[in-house]
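Enquirer: Below are the structure tokens for one structure; questions will follow.
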2 protein chains.
Amino acid sequence: MKLTDAKFKFITSWGVFGSQWGINKTMAQIHGLLLVAEQPLSTEEVMETLQISRGNANMNIRSLIDWGLVYKESKIGERKEFFRGEKDIWVVSKRVVKMRHEKELLPLLRLLEELNCQEITDGDPKSITIYKETIQDISKFAKQADTMLTRVENANENWFWKKLMKLFIR
Amino acid sequence: MKLTDAKFKFITSWGVFGSQWGINKTMAQIHGLLLVAEQPLSTEEVMETLQISRGNANMNIRSLIDWGLVYKESKIGERKEFFRGEKDIWVVSKRVVKMRHEKELLPLLRLLEELNCQEITDGDPKSITIYKETIQDISKFAKQADTMLTRVENANENWFWKKLMKLFIR
DNA sequence: ACAAACTTTCAGTTTTTACTGAAAGTTTAA
DNA sequence: TTAAACTTTCAGTAAAAACTGAAAGTTTGT
């Protein structure tokens with residue numbers, strides 16, 4: 001098998017996995033491409049390799065930069081921008097965790113807070129109690145998850161895995 | 001605020017959060033509805049409450065059953081099927097983790113295994129080495145994540161949080 | 001100040017995903 | 001064995017998400 005073919009296989013699959021997470025296929029493919037690229041690539045090279053339009057390439061590269069998974073670079077003597085993928089997979093996952101934390105858990109916490117504060121004025125008292133308990137349970141859980149995620153986001157790789165592995169070996 | 005309104009607010013938002021994860025909006029709404037329902041509900045009641053068609057309700061309820069988030073129940077004297085939501089949020093998350101583990105991580109592990117085995121016959125030796133290292137790093141990480149997830153899936157709630165909290169408080 | 005080189009935006013289009021509703025299938029009771 | 005009561009399926013349709021490409025915007029060197 002040729003190296004190029006292996007890389008293409010990786011990129012394509014990375015796209016599929018990405019789309020199973022909330023990340024769109026092209027965004028994941030660009031990320032995959034930059035993960036296995038030895039040198040930073042230009043927008044043109046990304047467009048060409050993945051056969052996508054300029055707009056598409058540009059938008060998704062921006063997104064990846066927002067996520068902290070790709071960095072903008074310039075080469076001396078070149079006016080074009082080049083893009084370098086974050087290669088440290090631990091850093092990549094921390095960024096993804098952080099993004100999902102913010103976009104998925106924090107809004108839930110806010111909603112639960114709001115529902116917890118709302119006085120329920122109308123309804124069968126027993127039903128109200130049951131409902132409040134349900135919301136309380138979910139809140140408690142969400143808060144614990146929040147604490148844990150915050151800590152993962154600030155953890156150091158070796159320390160994290162070492163501790164975590166130890167933890168699970170009863 | 002009326003109890004019914006609060007519940008509706010919860011259900012609608014639960015749908016939004018669901019759709020940010022891979023779960024489709026209606027599936028998440030049905031789940032939300034059954035989370036705050038005191039009694040098991042019939043397909044008809046779900047259809048009516050969420051204003052959705054029979055086919056849609058049926059399909060998504062099946063999905064929820066597959067995920068282990070909803071149980072089928074029968075009431076004596078009633079021919080209809082009723083559906084009860086899993087209320088223990090810890091159980092709910094374990095099921096979701098398990099599902100995502102199977103659908104998202106295992107296929108990645110298989111791909112990486114495959115790429116690791118493939119002999120690369122053609123390409124610059126140095127480039128091949130770099131590529132192999134990249135794949136190796138990702139593999140190593142994916143395997144650790146796999147081990148961890150498997151253990152979470154089998155963990156007991158109190159034990160899990162207690163240990164985890166201890167772990168993170170340096 | 002100009003224009004070449006490059007990046008960003010966005011209206012229109014394509015692709016993908018989800019939903020409807022009616023028809024087919026299944027179960028139960030008489 | 002029949003039919004009523006219920007569940008499932010799926011072809012067609014609607015809604016949502018992603019992509020294209022050309023036009024507008026920006027930066028840089030002379």
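Please note that chains go A, B, ... in the order of the structure tokens, that every chain numbers its residues from 1, and that ligands are numbered from 1 in the order shown.
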Mind listing the strand (DSSP E or B) residues of chain B, per DSSP on the backbone, as a ChimeraX atom specification?
Expert: /B:2,41-42,70-74,81-85,122
Enquirer: With only C-alpha atoms (C1' of nucleotides) as the counted atoms, please give the residues lying no more than 8 Å from segment 8-24 of chain C, apart from itself and same-chain residues fewer than 3 positions off, as a list in words.
Expert: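 Using only C-alpha atoms (C1' of nucleotides), the neighbours found are Asn58 of chain A; Ser53, Gly55 and Asn56 of chain B; DT9, DT13, DA14, DA15, DA16, DA17, DA18, DC19, DT20, DA24 and DG25 of chain D.
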Enquirer: As JSON, numbers by chain, could you give me every residue of chain B near chain C (at most 12 Å apart, counting only C-alpha atoms (C1' of nucleotides))?
Expert: {"B": [19, 22, 23, 24, 25, 26, 27, 51, 52, 53, 54, 55, 56, 57, 58, 59, 60, 78, 79, 80]}
Enquirer: Select all residues from chain B having any atom no more than 6 Å from an atom of chain A (counting only C-alpha atoms, ignoring ligands), output as an NGL selection string.
Expert: :B and (1-3 or 120-123)
